[in-house]
>>> print(open('my_file-v9.txt').read())   # compact mmCIF, C-alpha atoms
# COMPACT_ATOMS: atom_id res chain seq x y z
CA MET A 152 59.30 -13.76 83.88
CA ASP A 153 60.26 -13.67 87.57
CA GLU A 154 62.39 -16.79 87.16
CA PRO A 155 62.68 -17.21 83.41
CA ARG A 156 65.21 -20.06 83.46
CA LYS A 157 63.35 -22.16 86.02
CA TRP A 158 61.71 -25.40 84.88
CA HIS A 159 57.90 -25.46 85.11
CA HIS A 160 55.30 -28.22 84.82
CA GLY A 161 52.38 -27.92 82.42
CA TYR A 162 49.83 -27.76 85.23
CA ASP A 163 51.79 -24.98 86.99
CA LEU A 164 51.89 -23.00 83.76
CA SER A 165 48.17 -23.59 83.26
CA LYS A 166 47.43 -22.21 86.73
CA ALA A 167 49.84 -19.28 86.38
CA THR A 168 48.55 -18.23 82.96
CA GLU A 169 44.92 -19.25 83.59
CA LEU A 170 44.99 -21.03 80.26
CA LEU A 171 43.24 -24.38 79.83
CA SER A 172 45.29 -27.32 78.54
CA GLY A 173 43.69 -27.07 75.08
CA THR A 174 45.04 -23.54 74.70
CA LEU A 175 48.28 -23.85 76.65
CA TYR A 176 49.85 -26.87 74.92
CA PRO A 177 49.48 -25.63 71.32
CA ILE A 178 51.24 -22.43 72.48
CA LEU A 179 54.02 -24.46 74.12
CA MET A 180 54.41 -26.50 70.94
CA ARG A 181 54.72 -23.39 68.78
CA LEU A 182 57.22 -21.81 71.20
CA ALA A 183 59.32 -24.99 71.13
CA ASP A 184 59.12 -25.09 67.31
CA ARG A 185 60.54 -21.57 67.20
CA GLY A 186 63.33 -22.34 69.63
CA PHE A 187 61.91 -20.17 72.44
CA LEU A 188 61.15 -23.08 74.76
CA GLU A 189 63.10 -26.13 75.84
CA HIS A 190 61.51 -29.18 77.39
CA GLU A 191 62.58 -32.45 78.90
CA TRP A 192 61.27 -35.39 80.87
CA LEU A 193 61.96 -35.46 84.59
CA PRO A 194 62.13 -38.81 86.37
CA PRO A 195 59.28 -39.26 88.90
CA GLN A 196 59.83 -38.05 92.46
CA GLU A 197 57.64 -40.85 93.86
CA ALA A 198 57.49 -44.51 92.90
CA GLY A 199 54.54 -45.47 90.71
CA ARG A 200 54.23 -42.04 89.14
CA PRO A 201 55.04 -41.38 85.47
CA PRO A 202 57.94 -39.15 84.34
CA ARG A 203 56.87 -35.53 84.03
CA HIS A 204 57.46 -33.09 81.19
CA VAL A 205 58.96 -29.75 82.21
CA TYR A 206 59.47 -26.53 80.30
CA ARG A 207 61.56 -23.38 80.46
CA LEU A 208 62.39 -20.52 78.14
CA THR A 209 65.64 -20.73 76.21
CA ALA A 210 68.03 -17.76 76.22
CA LYS A 211 66.49 -16.78 72.87
CA GLY A 212 63.01 -17.12 74.42
CA VAL A 213 63.95 -14.95 77.40
CA ALA A 214 65.37 -12.25 75.11
CA HIS A 215 62.25 -12.37 72.94
CA ALA A 216 59.94 -12.22 75.97
CA ARG A 217 61.85 -9.20 77.40
CA GLU A 218 61.62 -7.48 74.01
CA GLN A 219 57.86 -8.11 73.93
CA PHE A 220 57.46 -6.79 77.48
CA ASP A 221 59.41 -3.65 76.56
CA ILE A 222 57.22 -3.05 73.49
CA SER A 223 54.13 -3.66 75.61
CA ASP A 224 55.36 -1.16 78.24
CA GLU A 225 56.12 1.46 75.57
CA VAL A 226 52.69 1.04 74.00
CA GLY A 227 51.10 1.17 77.45
CA SER A 228 52.90 4.41 78.46
CA GLU A 229 52.15 6.03 75.07
CA ALA A 230 48.49 5.15 75.45
CA THR A 231 48.43 6.50 79.01
CA GLY A 232 50.17 9.69 77.83
CA SER A 233 47.69 10.28 75.03
CA VAL A 234 44.77 9.72 77.40
CA SER A 235 46.17 12.21 79.95
CA ARG A 236 46.89 14.78 77.16
CA ALA A 237 43.32 14.41 75.95
CA MET B 251 43.06 -41.17 86.36
CA ASN B 252 39.41 -41.93 85.70
CA ALA B 253 38.11 -43.93 82.73
CA PRO B 254 36.67 -40.98 80.69
CA ALA B 255 40.02 -39.15 80.96
CA ARG B 256 41.90 -42.29 79.85
CA TRP B 257 39.50 -42.67 76.93
CA LEU B 258 39.93 -39.01 75.93
CA PHE B 259 43.72 -39.34 76.04
CA ALA B 260 43.60 -42.53 73.95
CA LEU B 261 41.50 -40.72 71.34
CA GLY B 262 43.77 -37.68 71.50
CA ARG B 263 46.86 -39.83 71.01
CA ALA B 264 45.29 -41.49 67.98
CA LEU B 265 44.42 -38.10 66.49
CA MET B 266 47.68 -36.33 67.29
CA PRO B 267 50.13 -36.26 64.35
CA HIS B 268 53.09 -38.61 64.84
CA SER B 269 55.54 -35.74 65.04
CA ARG B 270 53.62 -34.40 68.07
CA ARG B 271 53.10 -37.68 69.95
CA ALA B 272 55.62 -36.73 72.64
CA TRP B 273 53.40 -33.77 73.50
CA ILE B 274 50.22 -35.77 74.05
CA ASP B 275 52.30 -38.16 76.19
CA ALA B 276 53.44 -35.13 78.18
CA MET B 277 49.85 -33.96 78.64
CA ARG B 278 48.79 -37.42 79.77
CA ALA B 279 51.68 -37.69 82.24
CA GLU B 280 50.72 -34.29 83.67
CA ALA B 281 47.16 -35.52 84.24
CA ASP B 282 48.47 -38.07 86.74
CA TYR B 283 49.59 -35.19 88.97
CA LEU B 284 46.29 -33.31 88.81
CA PRO B 285 43.52 -33.40 91.42
CA ALA B 286 41.17 -36.28 90.55
CA HIS B 287 38.28 -34.02 89.61
CA GLY B 288 40.41 -32.04 87.15
CA ALA B 289 41.67 -34.92 85.03
CA THR B 290 38.66 -35.15 82.70
CA ARG B 291 38.65 -31.42 82.02
CA TRP B 292 42.40 -31.49 81.42
CA ALA B 293 42.03 -34.49 79.09
CA SER B 294 39.21 -32.73 77.17
CA GLY B 295 41.54 -29.79 76.55
CA CYS B 296 44.28 -32.13 75.41
CA LEU B 297 41.91 -33.83 72.99
CA TYR B 298 41.01 -30.38 71.67
CA ALA B 299 44.73 -29.61 71.25
CA ALA B 300 45.22 -32.90 69.38
CA ILE B 301 42.31 -32.07 67.05
CA GLN B 302 43.80 -28.62 66.46
CA GLU B 303 47.15 -30.17 65.59
CA ARG B 304 45.49 -32.67 63.29
CA LEU B 305 43.64 -29.87 61.52
CA HIS B 306 46.75 -27.72 61.34
CA MET B 307 47.25 -28.48 57.70
CA ASN B 308 50.55 -26.75 57.20
CA THR B 309 52.27 -29.63 58.99
CA GLY B 310 51.27 -31.75 55.97
CA ASP B 311 51.06 -34.74 58.29
CA PHE B 312 48.04 -36.90 57.49
CA ARG B 313 49.58 -39.99 59.05
CA ILE B 314 47.09 -41.53 61.46
CA SER B 315 46.87 -44.60 63.63
CA ARG B 316 45.44 -47.80 62.25
CA TRP B 317 42.36 -47.56 64.45
CA VAL B 318 41.53 -44.10 63.15
CA MET B 319 42.06 -45.44 59.63
CA LEU B 320 39.55 -48.19 60.40
CA VAL B 321 36.92 -45.56 61.26
CA GLU B 322 37.89 -43.48 58.22
CA THR B 323 37.66 -46.54 55.97
CA LEU B 324 34.14 -47.35 57.16
CA GLY B 325 33.09 -43.70 56.83
CA CYS B 326 34.59 -43.20 53.38
CA PHE B 327 33.80 -46.50 51.72
CA GLY B 328 30.92 -47.97 53.74
CA PHE B 329 28.11 -45.95 52.14
CA MET B 330 29.40 -46.50 48.64
CA THR B 331 29.77 -50.23 49.23
CA LEU B 332 26.18 -50.45 50.46
CA GLY B 333 24.99 -48.44 47.46
CA TRP B 334 27.02 -50.58 45.09
CA PHE B 335 25.60 -53.75 46.67
CA VAL B 336 22.00 -52.53 46.32
CA VAL B 337 22.50 -51.30 42.74
CA THR B 338 24.20 -54.53 41.71
CA PHE B 339 22.69 -57.33 43.78
CA GLY B 340 19.60 -55.70 45.35
CA TYR B 341 15.96 -56.64 44.74
CA SER B 342 15.83 -54.47 41.63
CA GLY B 343 19.59 -54.48 41.14
CA LEU B 344 21.35 -54.65 37.84
CA LEU B 345 22.02 -58.38 37.97
CA ARG B 346 18.31 -59.09 38.49
CA ARG B 347 17.23 -57.23 35.37
CA ASP B 348 17.24 -58.81 31.97
CA TRP B 349 17.20 -56.91 28.72
CA ASP B 350 13.37 -57.21 28.43
CA VAL B 351 12.96 -55.24 31.67
CA VAL B 352 15.30 -52.56 30.37
CA THR B 353 13.52 -52.26 27.04
CA LYS B 354 10.08 -52.15 28.72
CA ASN B 355 10.76 -50.00 31.78
CA TYR B 356 13.58 -47.66 30.80
CA LEU B 357 14.22 -47.17 27.12
CA PRO B 358 10.69 -46.17 26.01
CA TYR B 359 10.54 -43.25 28.45
CA PRO B 360 12.22 -39.83 28.09
CA GLY B 361 15.55 -39.93 29.88
CA GLY B 362 15.16 -43.63 30.61
CA ALA B 363 18.33 -44.50 28.70
CA PHE B 364 20.26 -41.91 30.74
CA ILE B 365 18.94 -43.29 34.03
CA PHE B 366 19.74 -46.87 33.07
CA SER B 367 23.22 -45.82 31.91
CA MET B 368 23.84 -44.10 35.23
CA ILE B 369 22.69 -47.20 37.15
CA ALA B 370 25.05 -49.36 35.07
CA LEU B 371 27.88 -46.86 35.49
CA GLY B 372 27.11 -46.72 39.23
CA ALA B 373 27.49 -50.49 39.47
CA ILE B 374 30.96 -50.20 37.91
CA VAL B 375 32.12 -47.06 39.73
CA GLY B 376 30.66 -48.40 42.97
CA LEU B 377 33.37 -51.06 42.95
CA VAL B 378 35.57 -48.33 44.43
CA GLY B 379 33.62 -48.94 47.68
CA PRO B 380 34.56 -52.58 48.28
CA VAL B 381 38.05 -52.03 46.84
CA GLY B 382 38.50 -49.12 49.26
CA LEU B 383 37.25 -51.26 52.14
CA TYR B 384 39.83 -53.87 51.21
CA LEU B 385 42.64 -51.29 50.93
CA GLY B 386 41.66 -49.58 54.19
CA GLY B 387 41.43 -52.97 55.91
CA ARG B 388 44.86 -53.84 54.55
CA TYR B 389 46.28 -50.61 55.96
CA PHE B 390 44.69 -51.45 59.31
CA LEU B 391 46.28 -54.90 59.34
CA THR B 392 49.64 -54.27 57.70
CA GLY B 393 50.19 -50.48 57.65
CA ARG B 394 50.54 -50.50 53.85
CA GLY B 395 49.03 -47.61 51.89
CA LEU B 396 48.09 -47.62 48.22
CA ALA B 397 51.45 -47.51 46.42
CA ASN B 398 50.09 -48.21 42.91
CA ARG B 399 49.68 -44.69 41.48
CA LYS B 400 47.82 -45.83 38.37
CA LEU B 401 45.26 -47.74 40.41
CA ALA B 402 44.90 -44.76 42.75
CA GLY B 403 44.36 -42.50 39.73
CA VAL B 404 41.63 -44.77 38.34
CA LEU B 405 39.93 -45.12 41.73
CA ILE B 406 39.90 -41.33 42.13
CA ALA B 407 38.96 -40.48 38.54
CA ALA B 408 36.06 -42.95 38.26
CA PRO B 409 33.91 -41.42 41.04
CA LEU B 410 34.70 -37.93 39.79
CA VAL B 411 33.51 -38.86 36.29
CA TYR B 412 30.34 -40.24 37.88
CA VAL B 413 29.82 -37.00 39.83
CA VAL B 414 30.24 -34.91 36.67
CA ALA B 415 27.79 -37.13 34.75
CA SER B 416 25.39 -37.07 37.69
CA MET B 417 25.47 -33.28 37.93
CA ALA B 418 25.06 -32.97 34.19
CA GLY B 419 21.98 -35.18 34.54
CA TYR B 420 20.66 -32.95 37.28
CA PHE B 421 20.84 -29.89 35.06
CA VAL B 422 20.10 -31.23 31.59
CA GLY B 423 18.84 -34.76 32.21
CA PRO B 424 15.35 -36.12 32.79
CA PRO B 425 13.19 -34.71 35.60
CA ASP B 426 13.09 -38.16 37.20
CA TRP B 427 16.80 -37.98 37.95
CA HIS B 428 17.24 -38.12 41.69
CA SER B 429 16.67 -34.95 43.63
CA ASN B 430 18.93 -36.32 46.37
CA LEU B 431 21.99 -35.11 44.54
CA ALA B 432 23.89 -33.75 47.55
CA LEU B 433 23.79 -37.08 49.38
CA GLY B 434 24.80 -38.88 46.20
CA VAL B 435 27.74 -36.56 45.64
CA MET B 436 28.90 -36.98 49.25
CA CYS B 437 28.70 -40.77 48.93
CA VAL B 438 30.91 -40.54 45.86
CA LEU B 439 33.35 -37.85 47.01
CA LEU B 440 34.12 -39.44 50.38
CA PRO B 441 35.75 -42.46 48.71
CA VAL B 442 37.85 -40.06 46.62
CA VAL B 443 39.18 -38.52 49.83
CA GLY B 444 39.77 -41.99 51.30
CA ILE B 445 41.69 -43.23 48.25
CA ALA B 446 43.77 -40.03 48.11
CA HIS B 447 44.65 -40.51 51.78
CA LEU B 448 45.62 -44.17 51.29
CA ALA B 449 47.81 -43.15 48.33
CA TRP B 450 49.44 -40.41 50.44
CA LEU B 451 50.11 -42.91 53.22
CA ALA B 452 52.14 -45.04 50.81
CA GLY B 453 54.65 -42.18 50.51
CA PRO B 454 57.86 -41.83 52.56
CA VAL B 455 57.59 -41.15 56.30
CA ALA B 456 58.78 -37.66 57.23
CA PRO B 457 61.44 -37.58 59.98
CA ALA B 458 60.38 -36.19 63.37
CA PRO B 459 61.42 -32.58 64.03
CA PRO B 460 64.64 -32.32 66.09
CA GLN B 461 63.01 -30.66 69.10
CA VAL B 462 60.69 -33.65 69.59
CA VAL B 463 63.59 -36.07 69.31
CA ALA B 464 65.42 -34.03 71.95
CA GLY B 465 62.36 -34.25 74.21
CA LEU B 466 62.15 -38.01 73.83
CA ALA B 467 65.86 -38.42 74.46
CA GLY B 468 65.37 -37.10 77.97
CA SER B 469 62.80 -39.77 78.82
>>> encode(input="my_file-v9.txt", output="structure tokens")
Amino acid sequence: MDEPRKWHHGYDLSKATELLSGTLYPILMRLADRGFLEHEWLPPQEAGRPPRHVYRLTAKGVAHAREQFDISDEVGSEATGSVSRA
Amino acid sequence: MNAPARWLFALGRALMPHSRRAWIDAMRAEADYLPAHGATRWASGCLYAAIQERLHMNTGDFRISRWVMLVETLGCFGFMTLGWFVVTFGYSGLLRRDWDVVTKNYLPYPGGAFIFSMIALGAIVGLVGPVGLYLGGRYFLTGRGLANRKLAGVLIAAPLVYVVASMAGYFVGPPDWHSNLALGVMCVLLPVVGIAHLAWLAGPVAPAPPQVVAGLAGS
């Protein structure tokens, strides 16, 4: 979420999320199906290499992700509060 | 990319539903940018993703490549064809028995008439095996499914009737009736699945979802 509108490669996302390809790509597919993710093919930077697929969150995806982070933060602070009260 | 990774991607591409093909192509392209030692692991994950997508039934997409259909055809109809061949043309097959053999070896014994009837019925129903092999082979060569709904209905109903009769024989028939019922039922039900699939493949092709088309347009 540091740079939500930046394009990322699948391998970068795999490293950043520590998800293996078999878990990561089904998630990307579902996000794209729901309009949260856009993707396109980038022409190769070097000759002899294939075009590369890149991904980034759509505006709708960014809004949804922020909403989820906010909910997560609220739940986290409520849980911390109840632990400290106890 | 090493050979096992290429093989895994080829299998994954064959298994991936058509509407998701752009994604397996994306995974394969990504593998070319990975460190050499990571490609096989990456490809294994992609194959797993393709299997997941294939099993994700709510897509309703059972369209598969011709090569996968070839494997499916052999798996679904091969056993039944062998069984049909043995029952019909084998050493003690139906065509090698005359009526004297039937009257001496079957009819005098309790349940013998039932067993002989089931063998005769099996020789008829078993024709689904070679017919299915032909239809699957035709799909492999031409991409044509089974468009004739009446024929599909008969080819599906006949094995099911045989299964019902066979199970009835297991419960109320003679004790000599085969104990290997589960294997028999599988050999009969697999062709039903194969025929249903071939009939489904004759239906209209669903258009690709717009987001995949957009992805391809950028290539």
>>> interface_residues(input="my_file-v9.txt", of="chain A", to="chain B", cutoff="9 Å", atoms="all atoms listed in the file", output="list in words")
His160, Gly161, Tyr162, Leu171, Ser172, Gly173, Thr174, Leu175, Tyr176, Pro177, Met180, Ala183, Asp184, Gly186, Glu189, His190, Glu191, Trp192, Leu193, Pro194, Arg200, Pro201, Pro202, Arg203, His204 and Val205 of chain A
>>> atom_distance(input="my_file-v9.txt", atom1="CA of Val336 in chain B", atom2="CA of Pro441 in chain B")
17.2 Å
>>> atom_distance(input="my_file-v9.txt", atom1="CA of Thr323 in chain B", atom2="CA of Leu383 in chain B")
6.1 Å
>>> atom_distance(input="my_file-v9.txt", atom1="CA of Ala216 in chain A", atom2="CA of Leu188 in chain A")
11.0 Å
>>> closest_residue(input="my_file-v9.txt", among="B:Gly362, B:Gly262, B:Pro285, B:Gly372", to="Val318 in chain B", atoms="all atoms listed in the file")
B:Gly262
>>> residues_around(input="my_file-v9.txt", residues="Ala402 in chain B", least_positions_apart="2", cutoff="12 Å", atoms="only C-alpha atoms", output="MDAnalysis selection string")
chainID B and resid 378 381:382 385 395:400 404:409 441:452
>>> closest_residue(input="my_file-v9.txt", among="A:Leu179, A:Val213, A:Pro195, A:Tyr206", to="Trp158 in chain A", atoms="all atoms listed in the file")
A:Tyr206
>>> closest_residue(input="my_file-v9.txt", among="B:Ala370, B:Val351, B:Ala260, B:Ala286", to="Ser315 in chain B", atoms="all atoms listed in the file")
B:Ala260
>>> closest_residue(input="my_file-v9.txt", among="A:His215, A:Ala210, A:Leu170, A:Phe220", to="Lys157 in chain A", atoms="only C-alpha atoms")
A:Ala210
>>> build_atoms(input="my_file-v9.txt", residues="range 188-199 of chain A", atoms="all heavy atoms", output="CSV table (one decimal), keeping the file's coordinate frame")
chain,number,residue,atom,x,y,z
A,188,LEU,N,61.5,-22.3,73.6
A,188,LEU,CA,61.2,-23.1,74.8
A,188,LEU,C,61.9,-24.4,74.7
A,188,LEU,O,62.0,-25.0,73.6
A,188,LEU,CB,59.6,-23.4,74.8
A,188,LEU,CG,59.1,-24.0,76.0
A,188,LEU,CD1,58.9,-23.0,77.1
A,188,LEU,CD2,57.7,-24.7,75.7
A,189,GLU,N,62.5,-24.8,75.8
A,189,GLU,CA,63.1,-26.1,75.8
A,189,GLU,C,62.3,-27.0,76.8
A,189,GLU,O,61.6,-26.5,77.7
A,189,GLU,CB,64.6,-26.1,76.2
A,189,GLU,CG,64.9,-25.4,77.5
A,189,GLU,CD,66.4,-25.2,77.7
A,189,GLU,OE1,67.1,-26.1,77.3
A,189,GLU,OE2,66.8,-24.2,78.3
A,190,HIS,N,62.3,-28.3,76.6
A,190,HIS,CA,61.5,-29.2,77.4
A,190,HIS,C,62.2,-30.5,77.6
A,190,HIS,O,63.0,-30.9,76.7
A,190,HIS,CB,60.1,-29.4,76.8
A,190,HIS,CG,60.2,-29.8,75.3
A,190,HIS,ND1,60.2,-31.1,74.9
A,190,HIS,CD2,60.2,-29.1,74.2
A,190,HIS,CE1,60.3,-31.1,73.6
A,190,HIS,NE2,60.3,-29.9,73.1
A,191,GLU,N,62.0,-31.1,78.7
A,191,GLU,CA,62.6,-32.4,78.9
A,191,GLU,C,61.7,-33.2,79.9
A,191,GLU,O,60.8,-32.7,80.5
A,191,GLU,CB,64.0,-32.3,79.4
A,191,GLU,CG,64.2,-31.7,80.7
A,191,GLU,CD,65.7,-31.7,81.1
A,191,GLU,OE1,66.5,-31.3,80.3
A,191,GLU,OE2,65.9,-32.0,82.3
A,192,TRP,N,62.0,-34.5,79.9
A,192,TRP,CA,61.3,-35.4,80.9
A,192,TRP,C,62.0,-35.5,82.2
A,192,TRP,O,63.2,-35.8,82.2
A,192,TRP,CB,61.1,-36.8,80.3
A,192,TRP,CG,60.2,-36.8,79.1
A,192,TRP,CD1,60.5,-36.7,77.8
A,192,TRP,CD2,58.8,-37.0,79.2
A,192,TRP,NE1,59.4,-36.8,77.0
A,192,TRP,CE2,58.3,-37.0,77.8
A,192,TRP,CE3,57.8,-37.2,80.2
A,192,TRP,CZ2,56.9,-37.1,77.5
A,192,TRP,CZ3,56.5,-37.3,79.9
A,192,TRP,CH2,56.1,-37.3,78.5
A,193,LEU,N,61.3,-35.3,83.3
A,193,LEU,CA,62.0,-35.5,84.6
A,193,LEU,C,61.6,-36.8,85.2
A,193,LEU,O,60.4,-37.2,85.1
A,193,LEU,CB,61.4,-34.4,85.6
A,193,LEU,CG,62.1,-33.0,85.6
A,193,LEU,CD1,61.6,-32.3,86.8
A,193,LEU,CD2,63.6,-33.2,85.7
A,194,PRO,N,62.5,-37.5,85.7
A,194,PRO,CA,62.1,-38.8,86.4
A,194,PRO,C,61.2,-38.6,87.5
A,194,PRO,O,61.2,-37.5,88.1
A,194,PRO,CB,63.5,-39.4,86.9
A,194,PRO,CG,64.5,-38.4,86.6
A,194,PRO,CD,63.9,-37.2,85.9
A,195,PRO,N,60.3,-39.5,87.8
A,195,PRO,CA,59.3,-39.3,88.9
A,195,PRO,C,59.9,-39.1,90.3
A,195,PRO,O,60.9,-39.8,90.6
A,195,PRO,CB,58.4,-40.5,88.8
A,195,PRO,CG,59.2,-41.5,88.1
A,195,PRO,CD,60.1,-40.8,87.2
A,196,GLN,N,59.3,-38.2,91.1
A,196,GLN,CA,59.8,-38.0,92.5
A,196,GLN,C,59.4,-39.2,93.4
A,196,GLN,O,60.0,-39.5,94.3
A,196,GLN,CB,59.3,-36.7,93.0
A,196,GLN,CG,59.6,-35.5,92.2
A,196,GLN,CD,61.1,-35.1,92.2
A,196,GLN,OE1,61.8,-35.3,93.2
A,196,GLN,NE2,61.7,-34.7,91.1
A,197,GLU,N,58.2,-39.8,93.0
A,197,GLU,CA,57.6,-40.8,93.9
A,197,GLU,C,57.5,-42.1,93.0
A,197,GLU,O,57.3,-42.0,91.8
A,197,GLU,CB,56.2,-40.5,94.4
A,197,GLU,CG,56.1,-39.2,95.1
A,197,GLU,CD,54.7,-38.7,95.3
A,197,GLU,OE1,53.8,-39.6,95.4
A,197,GLU,OE2,54.5,-37.5,95.2
A,198,ALA,N,57.6,-43.3,93.6
A,198,ALA,CA,57.5,-44.5,92.9
A,198,ALA,C,56.1,-44.7,92.4
A,198,ALA,O,55.1,-44.2,93.1
A,198,ALA,CB,57.9,-45.7,93.8
A,199,GLY,N,55.9,-45.2,91.3
A,199,GLY,CA,54.5,-45.5,90.7
A,199,GLY,C,54.0,-44.3,89.9
A,199,GLY,O,52.9,-44.4,89.4
